[in-house]
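**Student:** Structure file run08.txt, compact mmCIF, C-alpha atoms and all ligand atoms, is pasted below:
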# COMPACT_ATOMS: atom_id res chain seq x y z
CA MET W 25 3.31 -25.23 -2.58
CA PHE W 26 0.91 -22.30 -2.29
CA CYS W 27 -1.81 -21.95 -4.93
CA PRO W 28 -4.01 -18.87 -4.87
CA LEU W 29 -6.89 -20.63 -6.62
CA PRO W 30 -8.11 -24.23 -6.23
CA THR W 31 -6.75 -26.63 -8.88
CA ALA W 32 -6.26 -30.39 -9.16
CA HIS W 33 -3.05 -29.97 -7.12
CA CYS W 34 -4.52 -27.54 -4.63
CA PRO W 35 -8.14 -28.43 -3.82
CA LEU W 36 -10.49 -26.21 -1.85
CA PRO W 37 -9.61 -25.78 1.82
CA THR W 38 -10.63 -28.78 3.93
CA ALA W 39 -13.78 -28.40 6.04
CA THR W 40 -13.35 -26.64 9.38
CA MET W 41 -16.06 -26.21 11.98
CA THR W 42 -16.98 -22.52 12.22
CA VAL W 43 -18.23 -21.27 15.58
CA THR W 44 -20.16 -17.96 15.61
CA VAL W 45 -20.19 -15.97 18.85
CA ARG W 46 -22.53 -12.99 19.34
CA LEU W 47 -20.95 -10.09 21.19
CA ASP W 48 -22.10 -6.77 22.58
CA PRO W 49 -20.10 -4.33 20.39
CA GLU W 50 -19.69 -1.91 23.32
CA ARG W 51 -18.86 -4.47 26.04
CA PRO W 52 -17.65 -7.67 24.38
CA SER W 53 -17.26 -10.71 26.65
CA VAL W 54 -13.62 -11.00 27.74
CA GLU W 55 -13.93 -14.78 27.78
CA ALA W 56 -15.07 -14.92 24.13
CA ILE W 57 -12.31 -12.53 23.03
CA LYS W 58 -9.74 -14.69 24.84
CA ARG W 59 -11.03 -17.79 23.03
CA ALA W 60 -10.72 -15.99 19.70
CA ALA W 61 -7.22 -14.74 20.60
CA ALA W 62 -6.14 -18.30 21.42
CA ILE W 63 -7.27 -19.35 17.92
CA ILE W 64 -5.24 -16.49 16.34
CA ARG W 65 -2.15 -17.40 18.41
CA GLY W 66 -2.57 -21.05 17.40
CA GLY W 67 -2.43 -20.16 13.69
CA GLY W 68 -6.23 -20.22 13.14
CA LEU W 69 -8.60 -17.80 11.39
CA VAL W 70 -11.12 -15.52 13.13
CA ALA W 71 -13.52 -13.14 11.34
CA PHE W 72 -14.27 -9.98 13.30
CA PRO W 73 -16.10 -6.68 12.83
CA THR W 74 -14.29 -3.41 12.18
CA GLU W 75 -15.92 -0.03 11.55
CA THR W 76 -15.49 -0.54 7.77
CA VAL W 77 -16.38 -4.18 6.93
CA TYR W 78 -15.77 -7.58 8.60
CA GLY W 79 -12.14 -8.73 8.42
CA LEU W 80 -10.73 -12.27 8.22
CA GLY W 81 -7.91 -12.25 10.75
CA ALA W 82 -4.71 -14.27 11.15
CA ASP W 83 -1.44 -13.70 13.03
CA ALA W 84 0.47 -11.40 10.65
CA THR W 85 3.80 -12.88 11.78
CA ASP W 86 2.79 -16.50 11.05
CA GLU W 87 3.39 -17.39 7.39
CA LYS W 88 1.29 -20.57 7.52
CA ALA W 89 -1.69 -18.81 9.10
CA VAL W 90 -1.55 -16.00 6.54
CA ARG W 91 -1.50 -18.49 3.66
CA ARG W 92 -4.67 -20.01 5.05
CA VAL W 93 -6.35 -16.58 4.70
CA PHE W 94 -5.57 -16.57 0.97
CA GLU W 95 -6.83 -20.17 0.63
CA ALA W 96 -10.07 -19.57 2.58
CA LYS W 97 -10.91 -16.47 0.52
CA GLU W 98 -9.55 -17.90 -2.77
CA ARG W 99 -7.67 -14.61 -2.97
CA PRO W 100 -4.98 -14.16 -5.65
CA ALA W 101 -1.54 -14.39 -3.99
CA ASP W 102 -0.44 -11.07 -5.55
CA ASN W 103 -3.03 -9.07 -3.55
CA PRO W 104 -1.42 -8.01 -0.25
CA LEU W 105 -3.26 -7.80 3.09
CA ILE W 106 -3.76 -4.97 5.57
CA VAL W 107 -2.18 -5.46 9.00
CA HIS W 108 -4.27 -4.30 11.97
CA VAL W 109 -2.58 -2.91 15.09
CA ASN W 110 -3.86 -1.40 18.34
CA SER W 111 -0.95 0.84 19.40
CA SER W 112 2.13 2.76 18.22
CA GLU W 113 4.26 0.07 19.87
CA MET W 114 2.65 -2.58 17.72
CA LEU W 115 3.03 -0.38 14.63
CA ALA W 116 6.77 -0.27 15.36
CA ARG W 117 6.83 -4.10 15.24
CA VAL W 118 5.63 -4.15 11.60
CA ALA W 119 6.86 -0.91 9.97
CA GLU W 120 10.02 1.14 10.03
CA ARG W 121 10.97 4.71 9.14
CA VAL W 122 7.51 6.06 10.00
CA SER W 123 7.72 9.65 8.70
CA GLU W 124 6.61 12.84 10.43
CA ARG W 125 3.70 13.13 7.98
CA ALA W 126 2.61 9.55 8.76
CA VAL W 127 2.65 10.37 12.48
CA GLN W 128 0.46 13.44 11.84
CA LEU W 129 -2.06 11.30 9.97
CA ILE W 130 -2.01 8.65 12.71
CA ASP W 131 -2.65 11.33 15.33
CA SER W 132 -5.56 12.69 13.30
CA PHE W 133 -7.28 9.56 11.97
CA TRP W 134 -6.39 6.49 14.09
CA PRO W 135 -8.23 4.56 15.23
CA GLY W 136 -10.20 4.89 11.98
CA PRO W 137 -10.61 3.91 8.32
CA LEU W 138 -7.19 5.04 7.05
CA THR W 139 -4.57 2.50 5.93
CA LEU W 140 -0.97 3.67 5.52
CA VAL W 141 1.50 1.89 3.23
CA LEU W 142 4.89 1.98 4.99
CA VAL W 143 8.28 0.25 4.81
CA ARG W 144 7.84 -3.28 6.15
CA LYS W 145 9.82 -4.99 8.87
CA PRO W 146 11.01 -8.58 8.38
CA GLU W 147 8.80 -9.83 11.26
CA VAL W 148 5.78 -9.52 8.96
CA ALA W 149 5.06 -12.78 7.13
CA GLN W 150 6.18 -12.56 3.48
CA SER W 151 2.82 -13.35 1.94
CA VAL W 152 1.10 -10.51 3.85
CA SER W 153 2.94 -8.10 1.53
CA ALA W 154 2.75 -10.34 -1.56
CA GLY W 155 6.48 -9.95 -2.06
CA LEU W 156 6.52 -6.13 -1.75
CA ALA W 157 8.99 -4.21 0.45
CA THR W 158 6.07 -2.36 2.03
CA VAL W 159 3.27 -3.18 4.45
CA ALA W 160 -0.22 -1.66 4.70
CA VAL W 161 -1.22 -0.89 8.32
CA ARG W 162 -4.22 0.54 10.12
CA MET W 163 -5.78 0.77 13.58
CA PRO W 164 -9.50 -0.09 13.43
CA GLN W 165 -12.12 1.84 15.39
CA ASN W 166 -14.07 -1.05 16.84
CA ARG W 167 -13.87 -2.34 20.39
CA ILE W 168 -14.12 -6.02 19.41
CA ALA W 169 -11.31 -5.64 16.86
CA LEU W 170 -9.06 -3.70 19.26
CA GLU W 171 -9.58 -6.14 22.13
CA LEU W 172 -8.94 -9.10 19.85
CA ILE W 173 -5.60 -7.57 18.79
CA GLU W 174 -4.79 -6.75 22.43
CA GLN W 175 -5.51 -10.26 23.70
CA SER W 176 -3.73 -11.88 20.74
CA ASP W 177 -0.72 -9.64 21.44
CA THR W 178 0.25 -9.80 17.77
CA PRO W 179 -0.54 -7.69 14.69
CA ILE W 180 -3.46 -9.23 12.79
CA ALA W 181 -3.47 -9.45 8.99
CA ALA W 182 -7.06 -9.13 7.85
CA PRO W 183 -8.54 -8.67 4.39
CA SER W 184 -12.30 -8.35 4.03
CA ALA W 185 -13.97 -11.60 5.15
CA ASN W 186 -15.66 -12.45 1.85
CA LEU W 187 -14.87 -14.82 -1.00
CA SER W 188 -12.51 -12.99 -3.34
CA GLY W 189 -14.39 -10.85 -5.88
CA ARG W 190 -17.70 -10.89 -3.97
CA PRO W 191 -19.26 -7.89 -2.18
CA SER W 192 -17.50 -7.21 1.14
CA PRO W 193 -19.31 -8.45 4.27
CA THR W 194 -20.99 -5.92 6.54
CA THR W 195 -22.70 -8.50 8.79
CA ALA W 196 -21.66 -11.79 10.40
CA GLU W 197 -24.29 -13.55 8.23
CA HIS W 198 -22.46 -12.40 5.09
CA VAL W 199 -19.23 -13.88 6.48
CA ALA W 200 -20.91 -17.20 7.34
CA HIS W 201 -22.44 -17.34 3.85
CA ASP W 202 -19.04 -16.99 2.14
CA LEU W 203 -16.61 -18.58 4.60
CA GLY W 204 -18.65 -20.91 6.84
CA GLY W 205 -16.82 -24.27 7.05
CA ARG W 206 -13.48 -22.69 6.11
CA ILE W 207 -12.55 -20.69 9.23
CA GLU W 208 -12.56 -21.39 12.97
CA MET W 209 -14.60 -18.51 14.39
CA ILE W 210 -16.82 -15.53 13.56
CA LEU W 211 -17.21 -12.75 16.14
CA ASP W 212 -20.64 -11.25 15.48
CA GLY W 213 -20.75 -7.60 16.56
CA GLY W 214 -23.75 -6.59 14.42
CA PRO W 215 -23.72 -4.54 11.19
CA THR W 216 -20.63 -2.41 10.52
CA ILE W 217 -20.94 1.36 10.76
CA VAL W 218 -19.06 2.80 7.76
CA GLY W 219 -19.76 -0.06 5.35
CA ILE W 220 -16.96 0.40 2.80
CA GLU W 221 -13.25 -0.33 3.08
CA SER W 222 -10.55 2.03 4.38
CA THR W 223 -8.72 4.67 2.36
CA VAL W 224 -5.30 3.25 1.35
CA LEU W 225 -2.55 5.91 1.24
CA ASP W 226 0.97 5.13 0.02
CA MET W 227 3.36 7.01 2.33
CA THR W 228 6.44 5.71 0.49
CA SER W 229 5.74 8.09 -2.45
CA ASP W 230 6.18 11.87 -2.43
CA PRO W 231 3.57 13.29 -2.40
CA PRO W 232 1.68 10.39 -0.81
CA VAL W 233 -0.71 8.65 -3.23
CA ILE W 234 -4.26 7.47 -2.59
CA LEU W 235 -4.20 3.88 -3.88
CA ARG W 236 -7.82 3.25 -2.89
CA PRO W 237 -10.36 5.97 -2.03
CA GLY W 238 -12.28 5.47 1.20
CA TRP W 239 -14.22 7.19 3.95
CA ILE W 240 -11.26 9.49 4.77
CA THR W 241 -11.28 11.83 1.78
CA GLU W 242 -8.46 13.47 -0.19
CA GLN W 243 -9.55 16.84 1.28
CA SER W 244 -9.35 15.57 4.88
CA LEU W 245 -5.87 14.13 4.28
CA ALA W 246 -4.65 17.30 2.56
CA ALA W 247 -5.90 19.42 5.47
CA VAL W 248 -3.42 17.58 7.73
CA ILE W 249 -0.33 16.95 5.57
CA GLY W 250 -0.74 19.12 2.46
CA PRO W 251 -1.23 17.85 -1.10
CA VAL W 252 -1.79 14.14 -1.74
CA SER W 253 -2.01 12.60 -5.19
CA CYS W 254 -5.02 10.74 -6.55
CA SER W 255 -3.55 9.74 -9.88
CA ILE W 256 -2.07 6.28 -9.70
CA THR W 257 0.73 5.66 -12.19
CA GLU W 258 1.30 2.24 -13.80
CA LYS W 259 4.25 1.76 -11.47
CA GLN W 260 2.12 2.44 -8.39
CA LEU W 261 -0.56 0.12 -9.75
CA GLU W 262 2.07 -2.62 -9.71
CA ARG W 263 2.60 -1.80 -6.04
CA SER W 264 -1.10 -2.07 -5.25
CA PRO W 265 -2.10 -5.17 -7.14
CA GLY W 266 -5.47 -5.34 -5.39
CA THR W 267 -6.68 -2.35 -7.35
CA ARG W 268 -6.30 -4.35 -10.60
CA HIS W 269 -8.68 -7.15 -9.62
CA ARG W 270 -12.41 -6.99 -10.30
CA HIS W 271 -14.23 -6.64 -7.03
CA TYR W 272 -17.41 -6.43 -5.05
CA SER W 273 -19.47 -8.28 -7.65
CA PRO W 274 -22.64 -10.25 -7.06
CA ARG W 275 -23.47 -13.15 -9.44
CA ALA W 276 -25.87 -11.05 -11.54
CA ARG W 277 -24.52 -8.55 -14.11
CA VAL W 278 -24.30 -5.09 -12.56
CA VAL W 279 -25.09 -2.14 -14.83
CA LEU W 280 -24.20 1.24 -13.34
CA ILE W 281 -26.17 4.25 -14.53
CA GLU W 282 -23.58 7.00 -14.09
CA SER W 283 -26.11 9.72 -14.94
CA GLY W 284 -29.70 9.66 -16.08
CA SER W 285 -33.09 11.25 -15.39
CA PRO W 286 -35.75 9.21 -13.53
CA ASP W 287 -37.53 8.66 -16.89
CA PHE W 288 -34.35 7.34 -18.48
CA ILE W 289 -33.68 4.94 -15.59
CA GLN W 290 -37.28 3.76 -15.58
CA SER W 291 -37.34 3.02 -19.30
CA PHE W 292 -33.92 1.35 -19.09
CA CYS W 293 -35.24 -1.02 -16.37
CA ALA W 294 -38.48 -1.62 -18.30
CA GLY W 295 -36.42 -2.55 -21.37
CA GLN W 296 -34.27 -4.95 -19.34
CA LEU W 297 -37.44 -6.61 -17.95
CA LYS W 298 -38.16 -8.01 -21.43
CA GLY W 299 -35.11 -10.26 -20.96
CA GLY W 300 -35.92 -11.59 -17.46
CA ARG W 301 -35.85 -10.59 -13.79
CA VAL W 302 -34.44 -7.16 -12.97
CA ALA W 303 -33.25 -5.71 -9.67
CA PHE W 304 -32.74 -2.01 -9.02
CA LEU W 305 -30.60 -0.33 -6.36
CA GLY W 306 -30.89 3.44 -6.29
CA HIS W 307 -32.30 6.58 -4.70
CA THR W 308 -35.10 7.25 -7.21
CA PRO W 309 -38.36 5.31 -6.71
CA LEU W 310 -39.31 4.05 -10.20
CA GLY W 311 -42.90 2.92 -9.69
CA ILE W 312 -42.44 -0.23 -11.81
CA ASP W 313 -45.07 -2.81 -10.92
CA SER W 314 -43.95 -6.30 -11.97
CA THR W 315 -43.38 -9.58 -10.14
CA ASP W 316 -40.07 -9.75 -12.04
CA PHE W 317 -38.87 -6.45 -10.55
CA GLU W 318 -37.22 -5.95 -7.15
CA ALA W 319 -35.97 -2.61 -5.84
CA ILE W 320 -34.03 -1.32 -2.86
CA ILE W 321 -34.29 2.46 -2.47
CA LEU W 322 -31.64 4.23 -0.39
CA GLU W 323 -31.31 7.82 0.76
CA ASN W 324 -29.32 9.90 -1.76
CA SER W 325 -26.20 10.31 0.37
CA ALA W 326 -22.71 8.85 0.49
CA ARG W 327 -23.24 7.71 4.08
CA ALA W 328 -26.44 5.80 3.30
CA TYR W 329 -24.97 4.21 0.17
CA ALA W 330 -21.69 3.24 1.89
CA ARG W 331 -23.55 1.60 4.75
CA SER W 332 -25.92 -0.38 2.56
CA ILE W 333 -24.52 -1.10 -0.92
CA TYR W 334 -22.83 -4.42 -0.16
CA ALA W 335 -25.74 -5.80 1.86
CA ALA W 336 -28.19 -4.58 -0.80
CA LEU W 337 -26.21 -6.16 -3.65
CA ARG W 338 -26.16 -9.47 -1.75
CA GLU W 339 -29.87 -9.26 -0.92
CA LEU W 340 -30.87 -8.48 -4.50
CA ASP W 341 -28.60 -11.23 -5.83
CA GLU W 342 -30.53 -13.77 -3.69
CA LYS W 343 -33.58 -13.12 -5.93
CA SER W 344 -31.53 -14.39 -8.91
CA PRO W 345 -32.09 -11.43 -11.24
CA ARG W 346 -30.47 -11.39 -14.69
CA VAL W 347 -29.26 -7.87 -14.10
CA ILE W 348 -28.89 -5.45 -11.17
CA VAL W 349 -29.26 -1.82 -12.28
CA VAL W 350 -27.51 0.60 -9.92
CA GLU W 351 -28.07 4.37 -9.80
CA ALA W 352 -24.96 6.49 -9.14
CA ILE W 353 -24.59 9.16 -6.47
CA GLY W 354 -22.61 12.42 -6.57
CA GLU W 355 -18.84 12.06 -6.61
CA ARG W 356 -18.03 14.81 -4.10
CA GLY W 357 -16.33 14.01 -0.76
CA GLU W 358 -17.08 10.48 0.47
CA GLY W 359 -19.14 9.86 -2.70
CA ALA W 360 -15.86 9.22 -4.57
CA ALA W 361 -15.19 6.06 -2.51
CA VAL W 362 -18.73 4.79 -3.03
CA MET W 363 -18.50 5.37 -6.79
CA ASP W 364 -15.11 3.60 -6.90
CA ARG W 365 -16.74 0.46 -5.43
CA LEU W 366 -19.78 0.65 -7.73
CA ARG W 367 -17.59 1.03 -10.83
CA ARG W 368 -15.55 -2.03 -9.84
CA ALA W 369 -18.73 -4.06 -9.28
CA ALA W 370 -20.19 -3.07 -12.65
CA VAL W 371 -19.67 -4.89 -15.95
CA GLN W 372 -21.26 -2.00 -17.84
CA ARG W 373 -21.52 1.76 -17.20
CA ILE W 374 -23.98 3.95 -19.05
CA ARG W 375 -24.99 7.63 -19.25
CA GLU W 376 -28.19 9.11 -20.59
P1 LIG L 1 -8.74 -5.68 1.43
O1 LIG L 1 -7.91 -6.26 2.50
O2 LIG L 1 -9.53 -6.72 0.72
O3 LIG L 1 -9.54 -4.52 1.90
O4 LIG L 1 -7.70 -5.09 0.38
C1 LIG L 1 -6.51 -4.48 0.79
C2 LIG L 1 -6.10 -3.41 -0.19
O5 LIG L 1 -4.88 -2.82 0.26
C3 LIG L 1 -5.86 -3.95 -1.59
O6 LIG L 1 -6.34 -3.03 -2.55
C4 LIG L 1 -4.35 -4.06 -1.64
O7 LIG L 1 -3.85 -4.00 -2.96
C5 LIG L 1 -3.91 -2.88 -0.78
N1 LIG L 1 -2.59 -3.13 -0.18
C6 LIG L 1 -2.31 -3.96 0.85
N2 LIG L 1 -0.98 -3.97 1.12
C7 LIG L 1 -0.41 -3.11 0.24
C8 LIG L 1 0.93 -2.68 0.01
N3 LIG L 1 1.95 -3.14 0.73
N4 LIG L 1 1.14 -1.80 -0.98
C9 LIG L 1 0.11 -1.32 -1.71
N5 LIG L 1 -1.18 -1.69 -1.55
C10 LIG L 1 -1.46 -2.58 -0.58
MG MG L 2 -11.55 -7.05 -0.01
Would you write out, as structure tokens, the structure that this file holds?
Ligand code: AMP
Ligand code: MG
**Tutor:**
Amino acid sequence: MFCPLPTAHCPLPTATMTVTVRLDPERPSVEAIKRAAAIIRGGGLVAFPTETVYGLGADATDEKAVRRVFEAKERPADNPLIVHVNSSEMLARVAERVSERAVQLIDSFWPGPLTLVLVRKPEVAQSVSAGLATVAVRMPQNRIALELIEQSDTPIAAPSANLSGRPSPTTAEHVAHDLGGRIEMILDGGPTIVGIESTVLDMTSDPPVILRPGWITEQSLAAVIGPVSCSITEKQLERSPGTRHRHYSPRARVVLIESGSPDFIQSFCAGQLKGGRVAFLGHTPLGIDSTDFEAIILENSARAYARSIYAALRELDEKSPRVIVVEAIGERGEGAAVMDRLRRAAVQRIRE
């Protein structure tokens, strides 16, 4: 029996010794990659860096191994995984009827942070697709990830390597914090470069639909294949169950200030301070001087926010604030993906 969440019948995964190996991201040790690949081939779990966030990898053709990914992350069974490949040949092992438009996108954006939802082949373990007839596939732009897939000689199913619902991991330390004792190995390649998850594009709809915004924007996709849709219908939501779950949340309540002047944000934080510790993540220095106030100030750009939001949310959460107040950034271009993640992390959104 497979239970997505621990219950009396399905307790937490049994303890596993987790080995962390530090690697040079440009010239990873072949020996270490071979060790990790042997774990994948043996049905084990290896966390590895990609350009987006760290992934928790298992052999995508091994049903038992894939179920362990869901158990380790405590991920709901209805939330399908992305399969990572390193070549067109490997893509052909997991997906069929790859359209001309899909090939154009692959030529333009792979390796890179674009996931394509395609028709799945039966070789892919059932639980990867959570019962759907489709499979989500991408080729990551990270040498460690690509060499791990190469040496494993199998497509690797890999969701973000965090506990379900928590902020995604952008360092090996984040992975160890959430999954230490539950997985066999962590390949530490340093902080990830993009910092937020891939764009997910459903190629089985016409026009293709963006199921999850990401670093590859609607405009960049449209420049290659013509119009893509951003409005997800109820039916498409059913086909991308992951977008229904609350995500990326630290333990503290996150309040997102969608728009507000520096004065408004400052007085909002000052008001919150009357109820206990307050953390602030934004691009406007507030000048609040209190031992109960912590702030992380980022540059006002999508790139800076994407790279740092998950690590910053984790770091602020360590100070046990009652609330984390987050300042929005502009929605244009890559900002849309950042705002998508912040809205999912927030329990409350306010405007001045
Ligand atoms: P994560 O692996 O945590 O980055 O999440 C993967 C995302 O891809 C989730 O939002 C899933 O719902 C989505 N996804 C994966 N496979 C499919 C699929 N076959 N059809 C639609 N969405 C998918
Ligand atoms: Mg995730």
**Student:** Could you list, as a list in words, all the residues within 7 Å of ligand MG 2 (chain L), counting only C-alpha atoms and all ligand atoms?
**Tutor:** Pro183, Ser184, Ser188 and Ser192 of chain W
**Student:** Could you give me, as a list in words, the residues within 8 Å of W:His271, counting all atoms listed in the file and dropping anything in the same chain fewer than 2 positions from it?
**Tutor:** Ser188, Gly189, Arg190, Pro191, His269, Ser273, Arg365, Arg368 and Ala369 of chain W
**Student:** Set out as a tab-separated table a contact list for chain W and ligand LIG 1 (chain L) with a cut-off of 9 Å, giving each residue of chain W that qualifies its closest atom pair and distance in Å to one decimal, counting all atoms listed in the file, ordered by chain and rising residue number.
**Tutor:**
residue	atom	partner	partner_atom	distance
W:Val77	CA	L:LIG1	O3	8.5
W:Gly79	CA	L:LIG1	O1	7.7
W:Leu80	CA	L:LIG1	O1	8.8
W:Arg99	CA	L:LIG1	O2	8.9
W:Asp102	CA	L:LIG1	O7	8.3
W:Asn103	CA	L:LIG1	O7	5.2
W:Pro104	CA	L:LIG1	N2	4.3
W:Leu105	CA	L:LIG1	C6	4.5
W:Ile106	CA	L:LIG1	C6	5.0
W:Val107	CA	L:LIG1	N2	8.1
W:Thr139	CA	L:LIG1	O5	7.8
W:Leu140	CA	L:LIG1	C7	8.6
W:Val141	CA	L:LIG1	N4	5.6
W:Leu142	CA	L:LIG1	N3	7.3
W:Val143	CA	L:LIG1	N3	8.3
W:Arg144	CA	L:LIG1	N3	8.0
W:Val152	CA	L:LIG1	N2	7.4
W:Ser153	CA	L:LIG1	N3	5.1
W:Ala154	CA	L:LIG1	N3	7.6
W:Gly155	CA	L:LIG1	N3	8.6
W:Leu156	CA	L:LIG1	N3	6.0
W:Ala157	CA	L:LIG1	N3	7.1
W:Thr158	CA	L:LIG1	N3	4.4
W:Val159	CA	L:LIG1	N3	3.9
W:Ala160	CA	L:LIG1	N2	4.3
W:Val161	CA	L:LIG1	N2	7.8
W:Ala181	CA	L:LIG1	O1	8.5
W:Ala182	CA	L:LIG1	O1	6.1
W:Pro183	CA	L:LIG1	O1	3.1
W:Ser184	CA	L:LIG1	O2	4.6
W:Ala185	CA	L:LIG1	O2	7.9
W:Asn186	CA	L:LIG1	O2	8.5
W:Ser188	CA	L:LIG1	O2	8.0
W:Ser192	CA	L:LIG1	O2	8.0
W:Ile220	CA	L:LIG1	O3	8.9
W:Glu221	CA	L:LIG1	O3	5.7
W:Ser222	CA	L:LIG1	O3	7.1
W:Thr223	CA	L:LIG1	O5	8.7
W:Val224	CA	L:LIG1	O5	6.2
W:Leu225	CA	L:LIG1	N5	8.2
W:Asp226	CA	L:LIG1	C9	6.7
W:Leu235	CA	L:LIG1	N5	6.8
W:Arg236	CA	L:LIG1	O6	6.5
W:Gln260	CA	L:LIG1	C9	7.9
W:Leu261	CA	L:LIG1	C9	8.2
W:Glu262	CA	L:LIG1	C9	8.3
W:Arg263	CA	L:LIG1	C9	5.0
W:Ser264	CA	L:LIG1	N5	3.7
W:Pro265	CA	L:LIG1	O7	4.7
W:Gly266	CA	L:LIG1	O7	3.2
W:Thr267	CA	L:LIG1	O6	4.9
W:Arg268	CA	L:LIG1	O7	8.0
W:His269	CA	L:LIG1	O6	8.5
**Student:** Using 10 Å as the limit and counting all atoms listed in the file, can you tabulate each residue of stretch 159-237 of chain W that touches stretch 58-67 of chain W, with its shortest atom-to-atom distance in Å and the two atoms involved, as a tab-separated table?
**Tutor:**
residue	atom	partner	partner_atom	distance
W:Glu171	CA	W:Lys58	CA	9.0
W:Leu172	CA	W:Ala61	CA	5.9
W:Ile173	CA	W:Ala61	CA	7.6
W:Glu174	CA	W:Ala61	CA	8.5
W:Gln175	CA	W:Ala61	CA	5.7
W:Ser176	CA	W:Ala61	CA	4.5
W:Asp177	CA	W:Ala61	CA	8.3
W:Thr178	CA	W:Arg65	CA	8.0
W:Ile180	CA	W:Ile64	CA	8.3
W:Glu208	CA	W:Ile63	CA	7.5
W:Met209	CA	W:Ala60	CA	7.0
W:Ile210	CA	W:Ala60	CA	8.7
W:Leu211	CA	W:Ala60	CA	8.1
**Student:** Using all atoms listed in the file, can you list as an MDAnalysis selection string the residues within 10 Å of (-20.4, 8.5, 7.0)?
**Tutor:** chainID W and resid 217:220 239:240 325:331 358:359
